Every structure is written in structure tokens, then in C-alpha cells.
Amino acid sequence: MAKVMVSLPDDLLAEVDAEARRGGTTRSAVMRDFADAALRRRRENRSAAMRSLLSDASPHGGRAAEQVKATRPGP
Amino acid sequence: MTTLLLDASVLLAAFDPEDDHHESARTLLEDEDATLATLDLARYEVANVAVRAWRAPNSVTPLLAVVERLADDGGIVPSTDTLLTRATEIAEHHTISVYDAAYAAAADEGGYRLISCDERDLVSKDLAALPADANKEGSR
């Protein structure tokens, strides 16, 4: 596991430390858990949005990579 | 966890059930365990295919919405001078277009894994992995 230096405002650090004391854990563990939860939430939000957007996919003949090349500006 | 950089072909394949890579592209876009990004060029390319090839201008809005959801996840890489200089080198080396090379350069510069349906110019040259292979160890 990598060790990093992070700059935080004093009041945010105080909240992180309070959370660590409350949970009986370390400052590092709290920040790790919060970062993991935030990134997971972001991925879950994207996934849900994609399911909705892709629900009305319709047939267009396939060959997406070829179609991208065919519609690019010519030389 | 490696961020996956998707090119326009993956976004388009996810919207087209007739594409050979449709299911794997769609599964990837809906994957809750992957962080996904793209290049700003994808906006133009998906819109261009929807209008010029699919003749489906109504598809532009949802396609661009997909790009915006990636902006909220792993982000949209901007095409800077530095990136296009690197893309030019890759294009020369692999004899591919600067458009394709721009995605490879973006992946290279950002430490991302490039995912594409372009077997001829990207996957066969080991510059990208197919959507079905996105999460396999050892694939680019």
C-alpha cells in the first residue's frame, strides 16, 4: 500500500479525526474508506444512468469502428 | 484499479444491437466496478456517425449524454498540443490515423487502458483491448 501526503483544511481534518475516534480506527482508514465510498458511488451513478440511456438502443447495421472511420473528414 | 479509456466505437456499439461488440460494450458501460473515461474527440465522432452513417440525428442526444456520464466518472481527456504531438508519433510508428492515435496517446499519457472495437488499427497492434477483454489481466 502506498503512503501519500495529503493537505487538508484544519476543520476537515478535525472531522476526519473525530470520525476515526468514533469508529475506533485510524485517520488513514477513515480517509481510505471515504475515498473508496465516494468513487464507488460515482461508478454506481454512472452505471444506473447508462442502463437508462441504453434502454432504447436500436439497430444501425453494426461495424461501429468502420463507421467511425468512414465518417471522419477525408484527407 | 485501472481506468478504462473508451473510444467512440465502444460507445456506438453499446447503442447498436447489430454490432458484434454490442453486449460486451453495453456490459462495460454498465459495470459498477470499472472507472470509465474517454477523449473529447469522442463527442464529435459519435455525433458524426449518428448523423452521417446511421441517419439518426435523434440518437445524438443520448450518445452525448453517455459521454457526459463518463465526464462524471473517469473524466474526458482534452486534446492538448502535448497529446496530439504524442498522437502524431504513435500514428507515424503504427501507420494509423492521428484520430485513432489520439486515443492511444490519451491512454498512454494518463496510464489508462484503451478499449476499442477497432480490431484492424488498434487491437491488432496491441494499442487497445476489445470491450470483452477490458477486465482481463494482461490486456492493454
# chains A, B, ... in the order shown; residues from 1 in each chain; ligands from 1
$ residues_around --residues "B:Val98" --least-positions-apart "5" --cutoff "9 Å" --atoms "only C-alpha atoms" --output "list in words"
Leu84, Ala87, Thr88, Glu89, Ile90, Ala91, Glu92 and Tyr103 of chain B
$ closest_atom_pairs --of "chain B" --to "chain A" --cutoff "8 Å" --atoms "only C-alpha atoms" --output "JSON lines"
{"residue": "B:Ala8", "atom": "CA", "partner": "A:Val68", "partner_atom": "CA", "distance": 7.3}
{"residue": "B:Ser9", "atom": "CA", "partner": "A:Ala65", "partner_atom": "CA", "distance": 4.9}
{"residue": "B:Val10", "atom": "CA", "partner": "A:Ala64", "partner_atom": "CA", "distance": 7.6}
{"residue": "B:Leu12", "atom": "CA", "partner": "A:Ala64", "partner_atom": "CA", "distance": 6.0}
{"residue": "B:Ala13", "atom": "CA", "partner": "A:Ala64", "partner_atom": "CA", "distance": 5.6}
{"residue": "B:Ala14", "atom": "CA", "partner": "A:Leu54", "partner_atom": "CA", "distance": 7.2}
{"residue": "B:Phe15", "atom": "CA", "partner": "A:Ala57", "partner_atom": "CA", "distance": 4.6}
{"residue": "B:Asp16", "atom": "CA", "partner": "A:Pro59", "partner_atom": "CA", "distance": 4.9}
{"residue": "B:Pro17", "atom": "CA", "partner": "A:Pro59", "partner_atom": "CA", "distance": 5.3}
{"residue": "B:Glu18", "atom": "CA", "partner": "A:Gly62", "partner_atom": "CA", "distance": 4.8}
{"residue": "B:Asp19", "atom": "CA", "partner": "A:Gly62", "partner_atom": "CA", "distance": 3.6}
{"residue": "B:Asp20", "atom": "CA", "partner": "A:Gly62", "partner_atom": "CA", "distance": 6.7}
{"residue": "B:Arg26", "atom": "CA", "partner": "A:Leu54", "partner_atom": "CA", "distance": 7.7}
{"residue": "B:Leu29", "atom": "CA", "partner": "A:Met50", "partner_atom": "CA", "distance": 6.4}
{"residue": "B:Glu30", "atom": "CA", "partner": "A:Ser47", "partner_atom": "CA", "distance": 4.3}
{"residue": "B:Asp31", "atom": "CA", "partner": "A:Ser47", "partner_atom": "CA", "distance": 6.1}
{"residue": "B:Glu32", "atom": "CA", "partner": "A:Glu44", "partner_atom": "CA", "distance": 5.2}
{"residue": "B:Asp33", "atom": "CA", "partner": "A:Arg43", "partner_atom": "CA", "distance": 6.9}
{"residue": "B:Ala34", "atom": "CA", "partner": "A:Arg43", "partner_atom": "CA", "distance": 7.1}
{"residue": "B:Thr35", "atom": "CA", "partner": "A:Arg43", "partner_atom": "CA", "distance": 6.4}
{"residue": "B:Glu45", "atom": "CA", "partner": "A:Val68", "partner_atom": "CA", "distance": 6.3}
{"residue": "B:Val46", "atom": "CA", "partner": "A:Val68", "partner_atom": "CA", "distance": 7.5}
{"residue": "B:Asn48", "atom": "CA", "partner": "A:Thr71", "partner_atom": "CA", "distance": 6.4}
{"residue": "B:Val49", "atom": "CA", "partner": "A:Val68", "partner_atom": "CA", "distance": 6.0}
{"residue": "B:Arg52", "atom": "CA", "partner": "A:Thr71", "partner_atom": "CA", "distance": 6.6}
{"residue": "B:Ala53", "atom": "CA", "partner": "A:Gln67", "partner_atom": "CA", "distance": 6.6}
{"residue": "B:Trp54", "atom": "CA", "partner": "A:His60", "partner_atom": "CA", "distance": 5.9}
{"residue": "B:Pro62", "atom": "CA", "partner": "A:Leu53", "partner_atom": "CA", "distance": 6.2}
{"residue": "B:Ala65", "atom": "CA", "partner": "A:Leu53", "partner_atom": "CA", "distance": 7.8}
{"residue": "B:Val66", "atom": "CA", "partner": "A:Met50", "partner_atom": "CA", "distance": 6.7}
{"residue": "B:Arg69", "atom": "CA", "partner": "A:Arg46", "partner_atom": "CA", "distance": 5.8}
{"residue": "B:Leu70", "atom": "CA", "partner": "A:Arg46", "partner_atom": "CA", "distance": 7.2}
{"residue": "B:Asp72", "atom": "CA", "partner": "A:Arg42", "partner_atom": "CA", "distance": 7.4}
{"residue": "B:Asp73", "atom": "CA", "partner": "A:Arg42", "partner_atom": "CA", "distance": 6.0}
{"residue": "B:Ser116", "atom": "CA", "partner": "A:Ala65", "partner_atom": "CA", "distance": 7.9}
{"residue": "B:Cys117", "atom": "CA", "partner": "A:Ala65", "partner_atom": "CA", "distance": 5.7}
{"residue": "B:Asp118", "atom": "CA", "partner": "A:Ala65", "partner_atom": "CA", "distance": 5.1}
$ write_last_selection --atoms "N, CA and C atoms" --output "short mmCIF file (atom, residue, chain, number, x, y, z; two decimals), in the first residue's frame"
data_model
loop_
_atom_site.label_atom_id
_atom_site.label_comp_id
_atom_site.auth_asym_id
_atom_site.auth_seq_id
_atom_site.Cartn_x
_atom_site.Cartn_y
_atom_site.Cartn_z
N ALA B 8 -14.78 6.03 -29.40
CA ALA B 8 -16.15 6.25 -29.88
C ALA B 8 -16.81 4.95 -30.34
N SER B 9 -16.02 4.01 -30.87
CA SER B 9 -16.61 2.77 -31.37
C SER B 9 -17.30 1.99 -30.26
N VAL B 10 -16.76 2.04 -29.05
CA VAL B 10 -17.37 1.32 -27.93
C VAL B 10 -18.72 1.95 -27.56
N LEU B 12 -20.66 3.68 -29.50
CA LEU B 12 -21.62 3.42 -30.59
C LEU B 12 -22.09 1.97 -30.57
N ALA B 13 -21.17 1.05 -30.35
CA ALA B 13 -21.54 -0.38 -30.33
C ALA B 13 -22.56 -0.66 -29.22
N ALA B 14 -22.41 0.04 -28.10
CA ALA B 14 -23.34 -0.18 -26.99
C ALA B 14 -24.77 0.23 -27.36
N PHE B 15 -24.90 1.13 -28.33
CA PHE B 15 -26.21 1.61 -28.77
C PHE B 15 -26.78 0.83 -29.95
N ASP B 16 -26.00 -0.10 -30.50
CA ASP B 16 -26.41 -0.79 -31.72
C ASP B 16 -26.44 -2.30 -31.50
N PRO B 17 -27.64 -2.89 -31.31
CA PRO B 17 -27.75 -4.33 -31.05
C PRO B 17 -27.20 -5.18 -32.20
N GLU B 18 -27.02 -4.59 -33.39
CA GLU B 18 -26.49 -5.37 -34.51
C GLU B 18 -24.97 -5.41 -34.53
N ASP B 19 -24.34 -4.68 -33.62
CA ASP B 19 -22.87 -4.67 -33.61
C ASP B 19 -22.35 -5.93 -32.91
N ASP B 20 -21.27 -6.49 -33.46
CA ASP B 20 -20.68 -7.71 -32.88
C ASP B 20 -20.24 -7.50 -31.43
N ARG B 26 -21.95 -2.80 -23.93
CA ARG B 26 -23.02 -2.40 -23.01
C ARG B 26 -22.70 -2.84 -21.58
N LEU B 29 -20.16 -0.45 -20.11
CA LEU B 29 -20.70 0.86 -19.71
C LEU B 29 -21.53 0.77 -18.43
N GLU B 30 -22.11 -0.42 -18.19
CA GLU B 30 -22.96 -0.60 -17.01
C GLU B 30 -22.19 -1.21 -15.83
N ASP B 31 -20.90 -1.46 -16.01
CA ASP B 31 -20.08 -2.11 -14.99
C ASP B 31 -19.86 -1.18 -13.80
N GLU B 32 -20.29 -1.61 -12.61
CA GLU B 32 -20.15 -0.78 -11.41
C GLU B 32 -18.75 -0.84 -10.81
N ASP B 33 -17.93 -1.75 -11.31
CA ASP B 33 -16.59 -1.90 -10.73
C ASP B 33 -15.52 -1.23 -11.57
N ALA B 34 -15.88 -0.70 -12.73
CA ALA B 34 -14.88 -0.08 -13.61
C ALA B 34 -15.02 1.44 -13.57
N THR B 35 -13.90 2.13 -13.62
CA THR B 35 -13.91 3.58 -13.79
C THR B 35 -13.66 3.86 -15.27
N GLU B 45 -17.14 12.29 -32.86
CA GLU B 45 -17.22 11.04 -33.62
C GLU B 45 -18.56 10.34 -33.44
N VAL B 46 -19.09 10.31 -32.22
CA VAL B 46 -20.39 9.64 -32.06
C VAL B 46 -21.50 10.45 -32.75
N ASN B 48 -21.11 12.39 -35.35
CA ASN B 48 -20.91 12.27 -36.79
C ASN B 48 -21.48 10.95 -37.33
N VAL B 49 -21.24 9.86 -36.62
CA VAL B 49 -21.77 8.55 -37.05
C VAL B 49 -23.30 8.56 -36.97
N ARG B 52 -24.35 11.05 -40.00
CA ARG B 52 -23.91 10.73 -41.37
C ARG B 52 -24.08 9.26 -41.73
N ALA B 53 -23.86 8.34 -40.79
CA ALA B 53 -23.93 6.91 -41.12
C ALA B 53 -25.27 6.30 -40.72
N TRP B 54 -25.70 6.55 -39.48
CA TRP B 54 -26.96 5.96 -39.02
C TRP B 54 -28.18 6.70 -39.57
N PRO B 62 -28.84 11.14 -26.78
CA PRO B 62 -28.44 10.08 -25.83
C PRO B 62 -26.97 9.71 -25.93
N ALA B 65 -25.15 12.23 -24.07
CA ALA B 65 -25.43 12.05 -22.63
C ALA B 65 -24.52 10.96 -22.06
N VAL B 66 -24.26 9.93 -22.87
CA VAL B 66 -23.33 8.87 -22.42
C VAL B 66 -21.95 9.47 -22.18
N ARG B 69 -21.88 11.33 -18.96
CA ARG B 69 -21.83 10.47 -17.78
C ARG B 69 -20.40 9.99 -17.53
N LEU B 70 -19.63 9.82 -18.61
CA LEU B 70 -18.22 9.46 -18.44
C LEU B 70 -17.44 10.64 -17.85
N ASP B 72 -18.52 12.54 -15.65
CA ASP B 72 -18.79 12.49 -14.20
C ASP B 72 -18.11 11.30 -13.53
N ASP B 73 -17.54 10.39 -14.34
CA ASP B 73 -16.89 9.21 -13.77
C ASP B 73 -15.37 9.38 -13.88
N SER B 116 -11.40 -0.53 -27.37
CA SER B 116 -11.90 -0.16 -28.69
C SER B 116 -12.46 -1.39 -29.39
N CYS B 117 -13.36 -1.14 -30.35
CA CYS B 117 -13.85 -2.22 -31.23
C CYS B 117 -13.04 -2.26 -32.52
N ASP B 118 -12.02 -1.42 -32.62
CA ASP B 118 -11.22 -1.30 -33.84
C ASP B 118 -10.13 -2.37 -33.84
#
$ select_by_dssp --residues "stretch 2-57 of chain B" --states "alpha helix (DSSP H)" --output "number ranges by chain"
B: 8-15, 22-29, 41-48
$ write_last_selection --atoms "N, CA and C atoms" --output "mmCIF file, in the first residue's frame"
data_model
loop_
_atom_site.group_PDB
_atom_site.id
_atom_site.type_symbol
_atom_site.label_atom_id
_atom_site.label_comp_id
_atom_site.auth_asym_id
_atom_site.auth_seq_id
_atom_site.Cartn_x
_atom_site.Cartn_y
_atom_site.Cartn_z
ATOM 1 N N ALA B 8 -14.783 6.033 -29.398
ATOM 2 C CA ALA B 8 -16.153 6.247 -29.884
ATOM 3 C C ALA B 8 -16.808 4.946 -30.335
ATOM 4 N N SER B 9 -16.017 4.012 -30.873
ATOM 5 C CA SER B 9 -16.609 2.766 -31.374
ATOM 6 C C SER B 9 -17.301 1.988 -30.260
ATOM 7 N N VAL B 10 -16.764 2.042 -29.048
ATOM 8 C CA VAL B 10 -17.371 1.316 -27.928
ATOM 9 C C VAL B 10 -18.716 1.948 -27.561
ATOM 10 N N LEU B 11 -18.746 3.275 -27.532
ATOM 11 C CA LEU B 11 -19.993 3.972 -27.190
ATOM 12 C C LEU B 11 -21.063 3.683 -28.243
ATOM 13 N N LEU B 12 -20.664 3.681 -29.500
ATOM 14 C CA LEU B 12 -21.615 3.423 -30.586
ATOM 15 C C LEU B 12 -22.086 1.972 -30.573
ATOM 16 N N ALA B 13 -21.175 1.049 -30.348
ATOM 17 C CA ALA B 13 -21.540 -0.380 -30.327
ATOM 18 C C ALA B 13 -22.556 -0.659 -29.218
ATOM 19 N N ALA B 14 -22.414 0.037 -28.100
ATOM 20 C CA ALA B 14 -23.344 -0.175 -26.987
ATOM 21 C C ALA B 14 -24.773 0.228 -27.360
ATOM 22 N N PHE B 15 -24.901 1.128 -28.333
ATOM 23 C CA PHE B 15 -26.214 1.611 -28.770
ATOM 24 C C PHE B 15 -26.780 0.827 -29.948
ATOM 25 N N HIS B 22 -21.758 -5.403 -29.277
ATOM 26 C CA HIS B 22 -22.826 -4.708 -28.544
ATOM 27 C C HIS B 22 -22.915 -5.149 -27.088
ATOM 28 N N GLU B 23 -23.028 -6.448 -26.862
ATOM 29 C CA GLU B 23 -23.249 -6.928 -25.489
ATOM 30 C C GLU B 23 -22.074 -6.595 -24.579
ATOM 31 N N SER B 24 -20.858 -6.794 -25.077
ATOM 32 C CA SER B 24 -19.687 -6.536 -24.223
ATOM 33 C C SER B 24 -19.507 -5.043 -23.986
ATOM 34 N N ALA B 25 -19.834 -4.217 -25.001
ATOM 35 C CA ALA B 25 -19.719 -2.765 -24.827
ATOM 36 C C ALA B 25 -20.757 -2.271 -23.822
ATOM 37 N N ARG B 26 -21.951 -2.800 -23.927
ATOM 38 C CA ARG B 26 -23.024 -2.397 -23.007
ATOM 39 C C ARG B 26 -22.704 -2.845 -21.576
ATOM 40 N N THR B 27 -22.243 -4.066 -21.451
ATOM 41 C CA THR B 27 -21.865 -4.579 -20.122
ATOM 42 C C THR B 27 -20.795 -3.704 -19.492
ATOM 43 N N LEU B 28 -19.849 -3.264 -20.309
ATOM 44 C CA LEU B 28 -18.764 -2.418 -19.800
ATOM 45 C C LEU B 28 -19.291 -1.065 -19.322
ATOM 46 N N LEU B 29 -20.160 -0.446 -20.106
ATOM 47 C CA LEU B 29 -20.704 0.859 -19.715
ATOM 48 C C LEU B 29 -21.534 0.765 -18.432
ATOM 49 N N LEU B 41 -12.556 13.998 -28.373
ATOM 50 C CA LEU B 41 -12.845 13.674 -29.766
ATOM 51 C C LEU B 41 -14.079 12.782 -29.912
ATOM 52 N N ALA B 42 -14.362 11.976 -28.899
ATOM 53 C CA ALA B 42 -15.498 11.042 -28.974
ATOM 54 C C ALA B 42 -16.819 11.774 -29.193
ATOM 55 N N ARG B 43 -16.930 12.983 -28.642
ATOM 56 C CA ARG B 43 -18.180 13.739 -28.834
ATOM 57 C C ARG B 43 -18.470 13.936 -30.327
ATOM 58 N N TYR B 44 -17.446 14.369 -31.065
ATOM 59 C CA TYR B 44 -17.614 14.623 -32.498
ATOM 60 C C TYR B 44 -17.862 13.325 -33.250
ATOM 61 N N GLU B 45 -17.136 12.290 -32.862
ATOM 62 C CA GLU B 45 -17.216 11.045 -33.621
ATOM 63 C C GLU B 45 -18.560 10.342 -33.443
ATOM 64 N N VAL B 46 -19.094 10.309 -32.223
ATOM 65 C CA VAL B 46 -20.395 9.642 -32.055
ATOM 66 C C VAL B 46 -21.498 10.451 -32.752
ATOM 67 N N ALA B 47 -21.408 11.774 -32.675
ATOM 68 C CA ALA B 47 -22.419 12.608 -33.333
ATOM 69 C C ALA B 47 -22.333 12.456 -34.844
ATOM 70 N N ASN B 48 -21.114 12.393 -35.347
ATOM 71 C CA ASN B 48 -20.915 12.268 -36.793
ATOM 72 C C ASN B 48 -21.478 10.953 -37.328
#
$ residues_around --residues "stretch 22-37 of chain A" --least-positions-apart "4" --cutoff "12 Å" --atoms "only C-alpha atoms" --output "number ranges by chain"
A: 1-6, 8, 12-18, 41-44; B: 1, 33
$ atom_distance --atom1 "atom CA of B:Ala101" --atom2 "atom CA of B:Ala129"
14.2 Å
$ select_by_dssp --residues "chain B" --states "strand (DSSP E or B)" --output "PyMOL selection string"
chain B and resi 4-6+36-39+75-77+113-115+129
$ write_last_selection --atoms "C-alpha atoms" --output "PDB file, in the first residue's frame"
ATOM      1  CA  LEU B   4     -10.590   2.315 -18.909  1.00  0.00           C
ATOM      2  CA  LEU B   5     -10.496   4.850 -21.745  1.00  0.00           C
ATOM      3  CA  LEU B   6     -13.280   4.091 -24.233  1.00  0.00           C
ATOM      4  CA  LEU B  36     -14.545   4.817 -17.343  1.00  0.00           C
ATOM      5  CA  ALA B  37     -13.198   7.797 -19.279  1.00  0.00           C
ATOM      6  CA  THR B  38     -12.999   8.970 -22.891  1.00  0.00           C
ATOM      7  CA  LEU B  39     -11.340  11.577 -25.117  1.00  0.00           C
ATOM      8  CA  GLY B  75     -13.444  12.129 -16.991  1.00  0.00           C
ATOM      9  CA  ILE B  76     -12.984  13.419 -20.546  1.00  0.00           C
ATOM     10  CA  VAL B  77      -9.371  13.830 -21.640  1.00  0.00           C
ATOM     11  CA  ARG B 113      -6.208   1.054 -20.660  1.00  0.00           C
ATOM     12  CA  LEU B 114      -7.656   1.848 -24.090  1.00  0.00           C
ATOM     13  CA  ILE B 115     -10.777  -0.105 -25.061  1.00  0.00           C
ATOM     14  CA  ALA B 129      -8.251  -4.239 -25.960  1.00  0.00           C
TER      15      ALA B 129
END
$ decode --residues "stretch 6-32 of chain B" --atoms "N, CA and C atoms" --output "mmCIF file, in the first residue's frame"
data_model
loop_
_atom_site.group_PDB
_atom_site.id
_atom_site.type_symbol
_atom_site.label_atom_id
_atom_site.label_comp_id
_atom_site.auth_asym_id
_atom_site.auth_seq_id
_atom_site.Cartn_x
_atom_site.Cartn_y
_atom_site.Cartn_z
ATOM 1 N N LEU B 6 -12.460 4.656 -23.158
ATOM 2 C CA LEU B 6 -13.280 4.091 -24.233
ATOM 3 C C LEU B 6 -13.229 4.984 -25.454
ATOM 4 N N ASP B 7 -13.023 4.386 -26.634
ATOM 5 C CA ASP B 7 -13.101 5.215 -27.840
ATOM 6 C C ASP B 7 -14.543 5.252 -28.350
ATOM 7 N N ALA B 8 -14.783 6.033 -29.398
ATOM 8 C CA ALA B 8 -16.153 6.247 -29.884
ATOM 9 C C ALA B 8 -16.808 4.946 -30.335
ATOM 10 N N SER B 9 -16.017 4.012 -30.873
ATOM 11 C CA SER B 9 -16.609 2.766 -31.374
ATOM 12 C C SER B 9 -17.301 1.988 -30.260
ATOM 13 N N VAL B 10 -16.764 2.042 -29.048
ATOM 14 C CA VAL B 10 -17.371 1.316 -27.928
ATOM 15 C C VAL B 10 -18.716 1.948 -27.561
ATOM 16 N N LEU B 11 -18.746 3.275 -27.532
ATOM 17 C CA LEU B 11 -19.993 3.972 -27.190
ATOM 18 C C LEU B 11 -21.063 3.683 -28.243
ATOM 19 N N LEU B 12 -20.664 3.681 -29.500
ATOM 20 C CA LEU B 12 -21.615 3.423 -30.586
ATOM 21 C C LEU B 12 -22.086 1.972 -30.573
ATOM 22 N N ALA B 13 -21.175 1.049 -30.348
ATOM 23 C CA ALA B 13 -21.540 -0.380 -30.327
ATOM 24 C C ALA B 13 -22.556 -0.659 -29.218
ATOM 25 N N ALA B 14 -22.414 0.037 -28.100
ATOM 26 C CA ALA B 14 -23.344 -0.175 -26.987
ATOM 27 C C ALA B 14 -24.773 0.228 -27.360
ATOM 28 N N PHE B 15 -24.901 1.128 -28.333
ATOM 29 C CA PHE B 15 -26.214 1.611 -28.770
ATOM 30 C C PHE B 15 -26.780 0.827 -29.948
ATOM 31 N N ASP B 16 -25.997 -0.099 -30.500
ATOM 32 C CA ASP B 16 -26.414 -0.791 -31.719
ATOM 33 C C ASP B 16 -26.444 -2.302 -31.496
ATOM 34 N N PRO B 17 -27.642 -2.890 -31.306
ATOM 35 C CA PRO B 17 -27.746 -4.330 -31.051
ATOM 36 C C PRO B 17 -27.203 -5.181 -32.199
ATOM 37 N N GLU B 18 -27.020 -4.587 -33.387
ATOM 38 C CA GLU B 18 -26.495 -5.369 -34.510
ATOM 39 C C GLU B 18 -24.968 -5.407 -34.525
ATOM 40 N N ASP B 19 -24.335 -4.679 -33.624
ATOM 41 C CA ASP B 19 -22.871 -4.672 -33.609
ATOM 42 C C ASP B 19 -22.351 -5.933 -32.910
ATOM 43 N N ASP B 20 -21.268 -6.492 -33.463
ATOM 44 C CA ASP B 20 -20.682 -7.708 -32.881
ATOM 45 C C ASP B 20 -20.242 -7.499 -31.429
ATOM 46 N N HIS B 21 -19.930 -6.263 -31.072
ATOM 47 C CA HIS B 21 -19.433 -5.971 -29.728
ATOM 48 C C HIS B 21 -20.506 -5.333 -28.838
ATOM 49 N N HIS B 22 -21.758 -5.403 -29.277
ATOM 50 C CA HIS B 22 -22.826 -4.708 -28.544
ATOM 51 C C HIS B 22 -22.915 -5.149 -27.088
ATOM 52 N N GLU B 23 -23.028 -6.448 -26.862
ATOM 53 C CA GLU B 23 -23.249 -6.928 -25.489
ATOM 54 C C GLU B 23 -22.074 -6.595 -24.579
ATOM 55 N N SER B 24 -20.858 -6.794 -25.077
ATOM 56 C CA SER B 24 -19.687 -6.536 -24.223
ATOM 57 C C SER B 24 -19.507 -5.043 -23.986
ATOM 58 N N ALA B 25 -19.834 -4.217 -25.001
ATOM 59 C CA ALA B 25 -19.719 -2.765 -24.827
ATOM 60 C C ALA B 25 -20.757 -2.271 -23.822
ATOM 61 N N ARG B 26 -21.951 -2.800 -23.927
ATOM 62 C CA ARG B 26 -23.024 -2.397 -23.007
ATOM 63 C C ARG B 26 -22.704 -2.845 -21.576
ATOM 64 N N THR B 27 -22.243 -4.066 -21.451
ATOM 65 C CA THR B 27 -21.865 -4.579 -20.122
ATOM 66 C C THR B 27 -20.795 -3.704 -19.492
ATOM 67 N N LEU B 28 -19.849 -3.264 -20.309
ATOM 68 C CA LEU B 28 -18.764 -2.418 -19.800
ATOM 69 C C LEU B 28 -19.291 -1.065 -19.322
ATOM 70 N N LEU B 29 -20.160 -0.446 -20.106
ATOM 71 C CA LEU B 29 -20.704 0.859 -19.715
ATOM 72 C C LEU B 29 -21.534 0.765 -18.432
ATOM 73 N N GLU B 30 -22.113 -0.417 -18.193
ATOM 74 C CA GLU B 30 -22.956 -0.605 -17.005
ATOM 75 C C GLU B 30 -22.189 -1.208 -15.835
ATOM 76 N N ASP B 31 -20.895 -1.460 -16.012
ATOM 77 C CA ASP B 31 -20.079 -2.111 -14.986
ATOM 78 C C ASP B 31 -19.859 -1.176 -13.795
ATOM 79 N N GLU B 32 -20.295 -1.613 -12.614
ATOM 80 C CA GLU B 32 -20.152 -0.780 -11.409
ATOM 81 C C GLU B 32 -18.753 -0.838 -10.815
#
